[in-house]
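protein-v4.txt (compact mmCIF, C-alpha atoms) appears below.
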```txt
# COMPACT_ATOMS: atom_id res chain seq x y z
CA MET A 1 10.00 2.68 23.09
CA GLU A 2 12.65 3.48 25.72
CA LYS A 3 10.55 6.34 27.03
CA ARG A 4 7.65 3.96 27.50
CA ARG A 5 9.82 1.66 29.65
CA GLU A 6 11.10 4.61 31.71
CA GLU A 7 7.53 5.56 32.52
CA GLY A 8 7.36 2.50 34.68
CA GLU A 9 7.38 -0.95 33.20
CA GLY A 10 5.14 -3.13 35.37
CA LEU A 11 3.34 -0.12 36.83
CA CYS A 12 0.97 0.31 33.90
CA LEU A 13 -0.76 -1.92 31.41
CA GLN A 14 1.07 -1.80 28.07
CA VAL A 15 -1.36 -1.95 25.14
CA GLN A 16 -0.42 -2.30 21.47
CA MET A 17 -3.15 -1.60 18.92
CA PHE A 18 -1.11 -0.74 15.81
CA GLY A 19 -0.12 -3.65 13.58
CA GLY A 20 -1.79 -6.17 15.89
CA PHE A 21 -2.99 -6.50 19.47
CA SER A 22 -0.94 -7.29 22.56
CA LEU A 23 -1.37 -6.70 26.27
CA SER A 24 1.56 -6.75 28.72
CA TRP A 25 1.99 -6.29 32.44
CA GLY A 26 5.34 -6.16 34.21
CA GLY A 27 7.14 -7.05 31.01
CA LYS A 28 5.10 -10.25 30.58
CA LEU A 29 2.59 -10.88 27.82
CA VAL A 30 -0.98 -11.13 29.08
CA SER A 31 -2.53 -11.52 25.63
CA GLY A 32 -1.33 -11.48 22.08
CA SER A 33 -1.84 -15.04 20.93
CA LYS A 34 -3.94 -15.74 17.87
CA LYS A 35 -5.78 -18.62 19.57
CA THR A 36 -9.52 -18.41 19.01
CA SER A 37 -10.19 -19.17 22.70
CA GLU A 38 -8.79 -15.72 23.49
CA SER A 39 -10.97 -13.80 21.04
CA GLN A 40 -13.69 -12.65 23.47
CA PHE A 41 -11.12 -11.60 26.06
CA ASN A 42 -9.26 -9.66 23.37
CA TYR A 43 -12.42 -8.00 22.05
CA LEU A 44 -13.42 -6.95 25.57
CA MET A 45 -10.00 -5.53 26.44
CA GLN A 46 -9.58 -3.75 23.10
CA LEU A 47 -12.92 -2.03 23.47
CA LEU A 48 -12.58 -1.08 27.13
CA LEU A 49 -8.94 0.03 27.07
CA HIS A 50 -9.28 2.10 23.91
CA HIS A 51 -12.43 3.83 25.24
CA ARG A 52 -11.27 3.93 28.85
CA ARG A 53 -12.05 7.64 29.29
CA GLU A 54 -15.59 7.78 27.93
CA GLY A 55 -16.51 4.18 28.68
CA VAL A 56 -18.50 1.70 26.60
CA SER A 57 -22.25 1.17 26.73
CA ARG A 58 -23.41 -2.30 27.68
CA ASP A 59 -25.32 -2.58 24.39
CA MET A 60 -22.22 -1.84 22.32
CA LEU A 61 -20.10 -4.20 24.39
CA GLU A 62 -22.58 -7.05 23.91
CA ARG A 63 -22.87 -6.31 20.19
CA VAL A 64 -19.09 -6.50 19.73
CA LEU A 65 -18.71 -9.63 21.87
CA PHE A 66 -21.51 -11.70 20.39
CA GLU A 67 -22.39 -10.03 17.05
CA ASP A 68 -25.49 -11.77 15.63
CA ARG A 69 -25.13 -15.02 17.54
CA ASP A 70 -28.38 -16.45 18.90
CA ILE A 71 -27.86 -16.37 22.69
CA LEU A 72 -30.81 -16.76 25.04
CA ASP A 73 -29.48 -14.49 27.80
CA VAL A 74 -26.93 -12.12 26.29
CA HIS A 75 -26.61 -10.13 29.54
CA HIS A 76 -25.60 -13.27 31.44
CA ALA A 77 -23.14 -14.19 28.68
CA ALA A 78 -21.54 -10.73 28.86
CA ARG A 79 -21.23 -10.95 32.66
CA SER A 80 -19.48 -14.32 32.23
CA VAL A 81 -16.96 -12.85 29.79
CA ILE A 82 -16.25 -9.96 32.19
CA TYR A 83 -15.90 -12.33 35.17
CA ASN A 84 -13.46 -14.59 33.28
CA ALA A 85 -11.49 -11.55 32.11
CA LYS A 86 -11.05 -10.35 35.70
CA ARG A 87 -9.81 -13.78 36.76
CA ARG A 88 -7.32 -13.81 33.92
CA LEU A 89 -6.00 -10.35 34.76
CA ARG A 90 -5.50 -11.28 38.42
CA ALA A 91 -3.69 -14.45 37.34
CA ALA A 92 -1.38 -12.30 35.19
CA GLY A 93 -0.24 -10.40 38.31
CA LEU A 94 -2.39 -7.28 38.18
CA PRO A 95 -3.48 -5.87 41.58
CA ASP A 96 -6.61 -7.48 43.01
CA LEU A 97 -9.08 -4.76 42.02
CA ASN A 98 -12.38 -4.33 40.28
CA TYR A 99 -10.88 -3.68 36.82
CA ILE A 100 -14.18 -3.16 35.02
CA GLU A 101 -16.61 -0.81 36.71
CA GLN A 102 -20.24 -0.39 35.61
CA ARG A 103 -22.16 2.84 36.16
CA LYS A 104 -25.57 3.63 34.67
CA GLY A 105 -25.23 1.07 31.88
CA ILE A 106 -21.68 2.19 30.97
CA CYS A 107 -18.60 0.01 31.48
CA TYR A 108 -15.31 1.71 32.44
CA TRP A 109 -11.75 0.51 32.90
CA THR A 110 -10.67 1.35 36.43
CA ALA A 111 -8.49 4.43 36.93
CA GLU A 112 -6.53 2.49 39.59
CA VAL A 113 -4.65 0.56 36.89
CA PRO A 114 -2.95 3.07 34.54
CA VAL A 115 -2.74 2.25 30.85
CA TRP A 116 -0.20 3.13 28.16
CA GLU A 117 -1.67 2.67 24.68
CA ASP A 118 0.34 3.20 21.49
CA ALA A 119 -2.65 4.65 19.61
CA ALA A 120 -3.31 7.23 22.34
CA ALA A 121 0.40 8.13 22.53
CA PHE A 122 0.48 8.61 18.76
CA GLU A 123 -2.54 10.92 18.82
CA ALA A 124 -1.07 12.90 21.75
CA LEU A 125 2.12 13.55 19.76
CA TYR A 126 0.07 14.73 16.78
CA GLU A 127 -1.93 17.14 18.94
CA ALA A 128 1.22 18.43 20.66
CA ALA A 129 2.84 19.09 17.26
CA GLY A 130 -0.19 21.10 16.19
CA ARG A 131 0.14 23.32 19.28
CA GLU A 132 3.92 23.83 18.97
CA ALA A 133 4.98 27.21 17.55
CA ASP A 134 8.72 26.60 17.17
CA PRO A 135 9.35 25.03 13.72
CA GLU A 136 12.23 22.83 14.86
CA ARG A 137 10.39 21.39 17.87
CA ARG A 138 7.24 21.10 15.77
CA LEU A 139 9.13 19.02 13.19
CA GLY A 140 10.57 16.83 15.93
CA LEU A 141 7.09 16.07 17.30
CA TYR A 142 5.70 15.28 13.85
CA LEU A 143 8.61 12.93 13.18
CA GLN A 144 8.02 11.19 16.52
CA ALA A 145 4.34 10.86 15.67
CA CYS A 146 5.11 9.34 12.27
CA ARG A 147 7.40 6.77 13.88
CA ALA A 148 4.80 6.01 16.57
CA TYR A 149 2.41 4.80 13.88
CA THR A 150 3.65 1.24 13.38
CA GLY A 151 0.83 -0.23 11.31
CA GLU A 152 -2.93 -0.35 10.82
CA PHE A 153 -5.11 -0.12 13.91
CA LEU A 154 -6.15 -3.68 14.92
CA PRO A 155 -5.82 -5.10 11.38
CA GLN A 156 -7.18 -8.52 12.38
CA GLN A 157 -10.51 -6.89 13.37
CA ALA A 158 -10.79 -4.64 10.32
CA ALA A 159 -14.37 -5.79 9.65
CA VAL A 160 -15.64 -4.67 13.08
CA PHE A 161 -17.49 -1.37 12.76
CA TRP A 162 -15.77 0.58 15.55
CA VAL A 163 -12.32 -0.74 14.57
CA ALA A 164 -12.80 0.22 10.91
CA ARG A 165 -13.81 3.75 11.97
CA GLU A 166 -10.80 4.20 14.22
CA ALA A 167 -8.41 2.64 11.69
CA ARG A 168 -9.52 5.17 9.09
CA ARG A 169 -9.15 8.04 11.59
CA TYR A 170 -5.62 7.03 12.60
CA ARG A 171 -4.65 6.53 8.96
CA ASN A 172 -5.78 10.09 8.23
CA ILE A 173 -3.80 11.40 11.22
CA PHE A 174 -0.70 9.57 9.98
CA CYS A 175 -1.15 11.15 6.54
CA ALA A 176 -1.47 14.59 8.14
CA CYS A 177 1.71 14.01 10.18
CA MET A 178 3.58 12.85 7.11
CA GLU A 179 2.49 15.77 4.96
CA GLU A 180 3.41 18.34 7.61
CA ALA A 181 6.75 16.67 8.38
CA VAL A 182 7.61 16.52 4.66
CA ARG A 183 6.68 20.19 4.26
CA LEU A 184 8.99 21.18 7.12
CA LEU A 185 11.82 18.95 5.91
CA ARG A 186 11.50 20.40 2.43
CA ALA A 187 11.61 23.92 3.81
CA SER A 188 14.77 23.15 5.80
CA GLN A 189 16.22 21.19 2.82
CA ASP A 190 16.85 18.18 5.07
CA PHE A 191 16.50 15.74 2.18
CA PRO A 192 18.41 12.80 3.76
CA GLN A 193 15.91 12.72 6.64
CA MET A 194 13.07 13.24 4.18
CA ARG A 195 14.26 10.16 2.29
CA GLU A 196 14.38 8.10 5.51
CA LEU A 197 10.86 9.23 6.39
CA GLY A 198 9.59 8.28 2.94
CA ASN A 199 11.19 4.84 3.25
CA TYR A 200 9.54 4.34 6.65
CA ALA A 201 6.12 5.36 5.33
CA MET A 202 6.53 3.00 2.35
CA SER A 203 7.25 0.07 4.69
CA ILE A 204 4.50 0.82 7.18
CA SER A 205 1.77 1.80 4.71
CA PRO A 206 2.43 0.19 1.31
CA LEU A 207 0.42 1.02 -1.80
CA SER A 208 -0.23 4.55 -0.47
CA ASP A 209 2.00 6.62 -2.78
CA TRP A 210 4.60 7.42 -0.10
CA GLU A 211 7.23 6.44 -2.65
CA THR A 212 6.83 9.97 -4.00
CA VAL A 213 8.40 11.37 -0.80
CA THR A 214 11.51 9.23 -1.24
CA MET A 215 11.65 10.03 -4.97
CA GLU A 216 11.47 13.77 -4.36
CA ALA A 217 14.26 13.54 -1.77
CA LEU A 218 16.46 11.49 -4.12
CA VAL A 219 16.01 14.02 -6.92
CA ALA A 220 16.82 16.90 -4.58
CA MET A 221 19.99 15.05 -3.51
CA GLY A 222 20.97 14.59 -7.17
CA ARG A 223 20.50 10.80 -7.05
CA TYR A 224 18.51 10.67 -10.28
CA GLU A 225 19.19 7.07 -11.24
CA ASP A 226 18.14 5.89 -7.78
CA ALA A 227 14.92 7.89 -8.21
CA ARG A 228 14.25 6.31 -11.60
CA LYS A 229 14.94 2.82 -10.26
CA LEU A 230 12.60 3.42 -7.33
CA TYR A 231 9.89 4.57 -9.72
CA ASN A 232 10.24 1.53 -11.97
CA ASP A 233 10.30 -0.84 -8.99
CA THR A 234 7.24 0.88 -7.52
CA VAL A 235 5.25 0.66 -10.75
CA ASP A 236 6.12 -3.03 -11.05
CA PHE A 237 5.14 -3.64 -7.40
CA TYR A 238 1.79 -1.85 -7.80
CA PHE A 239 1.02 -3.87 -10.93
CA ARG A 240 2.07 -7.15 -9.31
CA GLU A 241 0.26 -6.66 -5.98
CA GLN A 242 -2.91 -4.83 -6.98
CA GLY A 243 -2.99 -4.52 -10.74
CA LEU A 244 -2.77 -0.74 -10.23
CA ARG A 245 -1.32 1.74 -12.68
CA PRO A 246 0.76 4.68 -11.43
CA SER A 247 -1.29 7.38 -9.73
CA LYS A 248 -1.55 10.85 -11.22
CA ARG A 249 0.67 12.14 -8.41
CA MET A 250 3.39 9.62 -9.21
CA MET A 251 3.21 10.31 -12.93
CA GLU A 252 3.55 14.05 -12.35
CA LEU A 253 6.62 13.54 -10.21
CA PHE A 254 8.16 11.15 -12.72
CA ASN A 255 7.66 13.68 -15.50
CA LYS A 256 9.39 16.32 -13.38
CA LEU A 257 12.44 14.11 -13.02
CA GLY A 258 13.55 14.84 -16.55
CA ALA A 259 13.19 18.58 -16.05
CA GLN A 260 15.13 18.54 -12.77
CA MET A 261 17.97 16.29 -13.85
CA GLU A 262 21.20 18.21 -14.33
CA HIS A 263 24.30 16.71 -15.96
CA GLN A 264 27.87 17.87 -16.17
CA TYR A 265 29.15 19.14 -19.50
CA ASP A 266 29.81 16.26 -21.89
CA ALA A 267 30.71 15.89 -25.54
CA LEU A 268 27.91 14.61 -27.77
CA ASP A 269 29.67 11.25 -28.27
CA ASP A 270 29.78 10.71 -24.49
CA ILE A 271 26.14 11.73 -24.13
CA GLN A 272 25.14 9.27 -26.86
CA ARG A 273 27.14 6.50 -25.20
CA LYS A 274 25.35 7.13 -21.89
CA LEU A 275 21.98 7.13 -23.61
CA SER A 276 22.81 3.72 -25.09
CA GLU A 277 24.02 2.15 -21.85
CA GLY A 278 21.99 -0.87 -20.83
CA GLN A 279 20.98 -1.65 -24.40
CA ALA A 280 23.40 -4.53 -24.91
CA ASP A 281 20.51 -7.02 -24.84
CA CYS A 282 19.12 -6.63 -28.33
CA GLY A 283 16.97 -9.77 -28.38
CA GLY A 284 13.20 -9.43 -28.71
CA GLY A 285 11.02 -6.40 -28.14
CA TYR A 286 11.83 -3.44 -25.92
CA LEU A 287 10.35 -4.12 -22.46
CA CYS A 288 9.86 -0.83 -20.60
CA ALA A 289 7.97 0.75 -17.71
CA TYR A 290 4.52 2.16 -18.41
CA PRO A 291 5.56 5.86 -18.32
CA VAL A 292 8.32 5.14 -20.85
CA PHE A 293 5.83 3.24 -23.02
CA GLN A 294 3.43 6.18 -22.78
CA GLY A 295 6.18 8.54 -23.95
CA ILE A 296 7.02 6.25 -26.89
CA TYR A 297 3.34 6.05 -27.86
CA ARG A 298 2.96 9.82 -27.83
CA MET A 299 6.11 10.29 -29.87
CA VAL A 300 4.97 7.71 -32.43
CA THR A 301 1.59 9.41 -32.87
CA ARG A 302 3.42 12.67 -33.65
CA MET A 303 5.68 10.93 -36.15
CA LEU A 304 2.64 9.48 -37.89
CA GLU A 305 1.56 12.99 -38.86
CA ARG A 306 4.16 12.73 -41.64
CA GLY A 307 2.49 9.55 -42.90
CA GLY A 308 3.99 6.47 -44.50
CA GLN A 309 3.80 4.13 -41.49
CA SER A 310 1.25 1.74 -40.09
CA VAL A 311 1.36 1.20 -36.31
CA TYR A 312 -0.86 -0.96 -34.13
CA LEU A 313 -1.46 -1.11 -30.37
CA MET A 314 -2.15 -4.59 -29.01
CA LEU A 315 -3.42 -5.58 -25.57
CA CYS A 316 -2.67 -9.16 -24.49
CA MET A 317 -4.65 -10.47 -21.51
CA VAL A 318 -4.48 -13.79 -19.64
CA VAL A 319 -7.92 -15.41 -19.42
CA ASP A 320 -9.25 -18.55 -17.75
CA SER A 321 -10.89 -21.55 -19.42
CA LYS A 322 -14.18 -19.62 -19.73
CA GLY A 323 -12.56 -16.63 -21.37
CA ASN A 324 -12.79 -14.39 -18.30
CA PRO A 325 -9.80 -12.23 -17.26
CA MET A 326 -7.84 -13.76 -14.39
CA ARG A 327 -7.70 -11.36 -11.44
CA ASP A 328 -5.36 -12.72 -8.80
CA GLY A 329 -3.31 -15.59 -7.42
CA GLN A 330 0.07 -17.23 -7.79
CA MET A 331 -0.98 -18.98 -11.00
CA LEU A 332 -1.70 -15.61 -12.63
CA GLU A 333 1.77 -14.36 -11.68
CA GLU A 334 3.37 -17.43 -13.26
CA LEU A 335 1.25 -17.13 -16.41
CA ALA A 336 1.98 -13.38 -16.66
CA GLY A 337 5.71 -14.12 -16.52
CA ARG A 338 5.36 -16.68 -19.31
CA LEU A 339 3.25 -14.28 -21.35
CA GLU A 340 5.90 -11.57 -21.02
CA GLU A 341 8.59 -13.92 -22.32
CA ALA A 342 6.34 -15.15 -25.13
CA ILE A 343 5.57 -11.61 -26.28
CA ARG A 344 9.18 -10.47 -26.09
CA ASP A 345 10.35 -13.44 -28.15
CA SER A 346 7.54 -13.01 -30.71
CA VAL A 347 7.85 -9.35 -31.66
CA ARG A 348 10.61 -7.40 -33.35
CA HIS A 349 13.42 -5.45 -31.75
CA SER A 350 11.69 -2.18 -32.73
CA ASP A 351 8.42 -3.02 -30.92
CA ALA A 352 7.75 -1.72 -27.39
CA ILE A 353 6.20 -3.79 -24.58
CA SER A 354 4.89 -2.75 -21.17
CA ARG A 355 3.00 -4.43 -18.35
CA TYR A 356 -0.34 -2.69 -17.88
CA GLY A 357 -2.03 -4.64 -15.09
CA LYS A 358 -2.24 -8.11 -13.61
CA GLY A 359 -1.90 -10.49 -16.54
CA GLN A 360 -2.07 -7.64 -19.07
CA TYR A 361 0.58 -6.40 -21.50
CA LEU A 362 0.57 -3.60 -24.07
CA VAL A 363 2.55 -3.99 -27.29
CA LEU A 364 3.25 -1.18 -29.76
CA LEU A 365 3.83 -2.84 -33.14
CA MET A 366 5.81 -0.53 -35.41
CA ASN A 367 5.53 -0.28 -39.19
CA THR A 368 3.41 -3.39 -39.57
CA THR A 369 0.13 -4.52 -41.14
CA ARG A 370 -3.16 -5.81 -39.80
CA GLU A 371 -2.33 -9.28 -41.15
CA SER A 372 1.03 -9.25 -39.39
CA CYS A 373 -0.73 -8.64 -36.06
CA GLY A 374 -2.50 -11.98 -36.50
CA VAL A 375 0.82 -13.68 -37.28
CA ILE A 376 2.35 -12.24 -34.10
CA GLN A 377 -0.61 -13.48 -32.05
CA LYS A 378 -0.04 -16.99 -33.39
CA ARG A 379 3.65 -16.79 -32.45
CA ILE A 380 2.76 -15.72 -28.92
CA ASN A 381 0.23 -18.54 -28.59
CA CYS A 382 2.79 -21.10 -29.75
CA ARG A 383 5.25 -19.96 -27.09
CA PHE A 384 2.65 -19.50 -24.33
CA LEU A 385 0.31 -22.49 -24.67
CA ILE A 386 1.61 -25.79 -23.30
CA GLY A 387 -0.06 -29.17 -23.76
CA ARG A 388 -3.71 -29.14 -22.71
CA GLN A 389 -3.44 -25.80 -20.95
CA ARG A 390 -6.94 -24.45 -20.33
CA THR A 391 -5.95 -20.85 -19.79
CA GLY A 392 -5.30 -18.66 -22.81
CA ILE A 393 -4.74 -15.15 -24.13
CA GLN A 394 -7.32 -12.67 -25.33
CA TYR A 395 -6.15 -10.01 -27.78
CA TYR A 396 -7.43 -6.53 -28.57
CA VAL A 397 -5.86 -4.61 -31.47
CA ASN A 398 -6.33 -0.97 -32.48
CA SER A 399 -4.63 0.93 -35.26
CA VAL A 400 -2.70 3.97 -34.07
CA ILE A 401 -3.54 7.16 -35.91
CA CYS A 402 -2.81 10.82 -35.14
CA HIS A 403 -6.47 11.64 -34.49
CA PRO A 404 -6.67 13.53 -31.15
CA HIS A 405 -9.28 11.14 -29.76
CA GLY A 406 -7.37 7.90 -30.19
CA GLY A 407 -7.34 4.79 -32.37
CA SER A 408 -9.58 3.60 -35.16
CA ALA A 409 -12.41 1.13 -34.93
CA ILE A 410 -10.31 -1.80 -36.12
CA VAL A 411 -10.54 -4.10 -33.10
CA ASP A 412 -9.79 -7.82 -32.84
CA LYS A 413 -11.01 -9.74 -29.81
CA GLY A 414 -9.44 -13.01 -30.81
CA ARG A 415 -8.65 -15.63 -28.18
CA GLY A 416 -5.51 -17.73 -28.06
```

This structure in structure tokens:
Amino acid sequence: MEKRREEGEGLCLQVQMFGGFSLSWGGKLVSGSKKTSESQFNYLMQLLLHHRREGVSRDMLERVLFEDRDILDVHHAARSVIYNAKRRLRAAGLPDLNYIEQRKGICYWTAEVPVWEDAAAFEALYEAAGREADPERRLGLYLQACRAYTGEFLPQQAAVFWVAREARRYRNIFCACMEEAVRLLRASQDFPQMRELGNYAMSISPLSDWETVTMEALVAMGRYEDARKLYNDTVDFYFREQGLRPSKRMMELFNKLGAQMEHQYDALDDIQRKLSEGQADCGGGYLCAYPVFQGIYRMVTRMLERGGQSVYLMLCMVVDSKGNPMRDGQMLEELAGRLEEAIRDSVRHSDAISRYGKGQYLVLLMNTTRESCGVIQKRINCRFLIGRQRTGIQYYVNSVICHPHGGSAIVDKGRG
């Protein structure tokens, strides 16, 4: 940012495309308001300034400005937008020039008014890093490029065809910069900086699995509990925001945590005490993250090979008044929280519970019977349903057996 100012604040048009649009001249904002009256000016400037080298055809410009609106003389309407844009730029203090030149049906931004654009600067850093042979300088350029990407390209115009194409291209470049920077940081064992980079990527591009970069760095630094906490928080966030389960990449890294964790020598009594830490709350079922639940399930299926137990897997799902699964919204979050409490208070201490998706919970019912599953469902309903509440719970129940292909055909689709 400082470098951009040193290049001559007020001598070039400052254009922000990442994370939102703004246009500045001489340190003063020319455009950046969300007022609808500015939309055509913004669309024109975004298109022209981003394609200032190759220009924009008149047909494309008119298509972006007016979309499918029924305008009698679209050429006249486009000339009016360009005329008003020039007046606005002059009023903002730009030199009195012909800012938008037209040659052979192509519109160009004038070369007499230089432009600094964050998207172009980001791409230039990426290209420079690819040409750099020295590993240290190469890493520095990739890190600069990563930091130069400050959000999606024109997120407010994500539905516009040219914006969507460029947003995807810049997202791919950011991923390439991240992957190369992480590779170089890993090779140099600079894990503190790798952790900072992962945190930045998480904040700038959420729900993109960049948490794995931070997790890997934490493990390499020996901060195993921080890595586990990050994983659990991430899984909960993905479930809460998108109803997503952990990706294969995240699951693989989580499974490696156990293999990479190293502890100092301890007596067995001390080890057992550490394993039991955090288990003071003995009320209700055991609420755990999905990977932990998956491990418990796999262990139980192995134990069943010896016989003598009956175990059931139950899926509890919040549904609307018509019996359809609820997909999103604040109400679903509130109902999911109530469902979690109802389940935890309705099952035994030996039963495991895990959130599986938005408004969905898995329950592993240990050493029970098919009839007892129905009793538990009634307990959950009593704790969940209030007054004339129209939403409810739909249940699916499978017996757990040690067959390699999964549960039996005993399924209950009862509704609470």

Please tabulate, as a Markdown table, the residues of segment 140-183 of chain A that come within 10 Å of segment 211-217 of chain A, each with its closest pair of atoms and the distance in Å to one decimal, counting only C-alpha atoms and ordering rows by chain, then residue number upward.
```
| residue | atom | partner | partner_atom | distance |
| --- | --- | --- | --- | --- |
| A:Met178 | CA | A:Val213 | CA | 9.4 |
| A:Glu179 | CA | A:Val213 | CA | 9.4 |
| A:Val182 | CA | A:Val213 | CA | 7.5 |
```

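Our summary of the geometry notes that atom CA of Gly284 of chain A is positioned 20.1 Å from atom CA of Asp236 of chain A.
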
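Each of A:Ala77, A:Ala111, A:Met17, A:Ala85 was checked against Phe41 of chain A using only C-alpha atoms; the smallest atom-to-atom distance is that of A:Ala85.
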
Problem set entry | Lys28 of chain A surroundings by all atoms listed in the file, 12 Å radius, close-in-sequence under 4 positions cut, as a list in words |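 Listed by chain and then number, they are Glu9, Gly10, Cys12, Leu13, Gln14, Val15, Ser22, Leu23, Ser24, Gly32, Leu89, Ala91, Ala92, Gly93 and Leu94 of chain A.
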
Write the residues of the preceding selection, restricted to C-alpha atoms, as a compact mmCIF listing (two decimals), in the coordinates of the input.
```txt
# COMPACT_ATOMS: atom_id res chain seq x y z
CA GLU A 9 7.38 -0.95 33.20
CA GLY A 10 5.14 -3.13 35.37
CA CYS A 12 0.97 0.31 33.90
CA LEU A 13 -0.76 -1.92 31.41
CA GLN A 14 1.07 -1.80 28.07
CA VAL A 15 -1.36 -1.95 25.14
CA SER A 22 -0.94 -7.29 22.56
CA LEU A 23 -1.37 -6.70 26.27
CA SER A 24 1.56 -6.75 28.72
CA GLY A 32 -1.33 -11.48 22.08
CA LEU A 89 -6.00 -10.35 34.76
CA ALA A 91 -3.69 -14.45 37.34
CA ALA A 92 -1.38 -12.30 35.19
CA GLY A 93 -0.24 -10.40 38.31
CA LEU A 94 -2.39 -7.28 38.18
```

Exercise. Quick one: distance from atom CA of Ser310 of chain A to atom CA of Glu371 of chain A in Å, one decimal?
Worked result: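 Between atom CA of Ser310 of chain A and atom CA of Glu371 of chain A the gap works out to 11.6 Å.
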
Exercise. Atom CA of Ile401 of chain A to atom CA of Gly374 of chain A: how many Å, to one decimal?
Worked result: 19.2 Å

Near Met314 of chain A, within 8 Å and counting only C-alpha atoms, which residues show up once chain neighbours fewer than 3 positions away are dropped, as a short mmCIF file (atom, residue, chain, number, x, y, z; two decimals) with C-alpha atoms, keeping the file's coordinate frame?
```
data_model
loop_
_atom_site.label_atom_id
_atom_site.label_comp_id
_atom_site.auth_asym_id
_atom_site.auth_seq_id
_atom_site.Cartn_x
_atom_site.Cartn_y
_atom_site.Cartn_z
CA LEU A 362 0.57 -3.60 -24.07
CA VAL A 363 2.55 -3.99 -27.29
CA LEU A 364 3.25 -1.18 -29.76
CA LEU A 365 3.83 -2.84 -33.14
CA TYR A 395 -6.15 -10.01 -27.78
CA TYR A 396 -7.43 -6.53 -28.57
CA VAL A 397 -5.86 -4.61 -31.47
CA ASN A 398 -6.33 -0.97 -32.48
#
```

Problem set entry | Close residues, Gly295 of chain A itself excluded, 12 Å, all atoms listed in the file, min 3 positions apart in chain, as a VMD selection string | chain A and resid 251 254 to 255 288 to 292 298 to 302 352 354 364

Could you dump the residues just selected with C-alpha atoms as a PDB file, in the coordinates of the input?
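Result file follows (result-v6.pdb):
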```pdb
ATOM      1  CA  MET A 251       3.210  10.310 -12.930  1.00  0.00           C
ATOM      2  CA  PHE A 254       8.160  11.150 -12.720  1.00  0.00           C
ATOM      3  CA  ASN A 255       7.660  13.680 -15.500  1.00  0.00           C
ATOM      4  CA  CYS A 288       9.860  -0.830 -20.600  1.00  0.00           C
ATOM      5  CA  ALA A 289       7.970   0.750 -17.710  1.00  0.00           C
ATOM      6  CA  TYR A 290       4.520   2.160 -18.410  1.00  0.00           C
ATOM      7  CA  PRO A 291       5.560   5.860 -18.320  1.00  0.00           C
ATOM      8  CA  VAL A 292       8.320   5.140 -20.850  1.00  0.00           C
ATOM      9  CA  ARG A 298       2.960   9.820 -27.830  1.00  0.00           C
ATOM     10  CA  MET A 299       6.110  10.290 -29.870  1.00  0.00           C
ATOM     11  CA  VAL A 300       4.970   7.710 -32.430  1.00  0.00           C
ATOM     12  CA  THR A 301       1.590   9.410 -32.870  1.00  0.00           C
ATOM     13  CA  ARG A 302       3.420  12.670 -33.650  1.00  0.00           C
ATOM     14  CA  ALA A 352       7.750  -1.720 -27.390  1.00  0.00           C
ATOM     15  CA  SER A 354       4.890  -2.750 -21.170  1.00  0.00           C
ATOM     16  CA  LEU A 364       3.250  -1.180 -29.760  1.00  0.00           C
TER      17      LEU A 364
END
```

Problem set entry | Spatial neighbours of Ile106 of chain A, max dist 7 Å, all atoms listed in the file, sep filter under 3 positions, as a list in words | Gly55, Val56, Ser57, Arg58, Gln102 and Arg103 of chain A

Okay, now the selection with C-alpha atoms, as a compact mmCIF listing (two decimals), in the frame of the given file?
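Contents of part-v1.txt, as written:
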```txt
# COMPACT_ATOMS: atom_id res chain seq x y z
CA GLY A 55 -16.51 4.18 28.68
CA VAL A 56 -18.50 1.70 26.60
CA SER A 57 -22.25 1.17 26.73
CA ARG A 58 -23.41 -2.30 27.68
CA GLN A 102 -20.24 -0.39 35.61
CA ARG A 103 -22.16 2.84 36.16
```

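With all atoms listed in the file as the atoms that count, the residue of A:Leu49, A:Cys146, A:Met194, A:Val400 with the shortest distance to Leu304 of chain A is A:Val400.
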
Problem set entry | Which residue of A:Asp190, A:Glu132, A:Glu123, A:Asp118 approaches Leu154 of chain A most closely, using all atoms listed in the file | A:Asp118
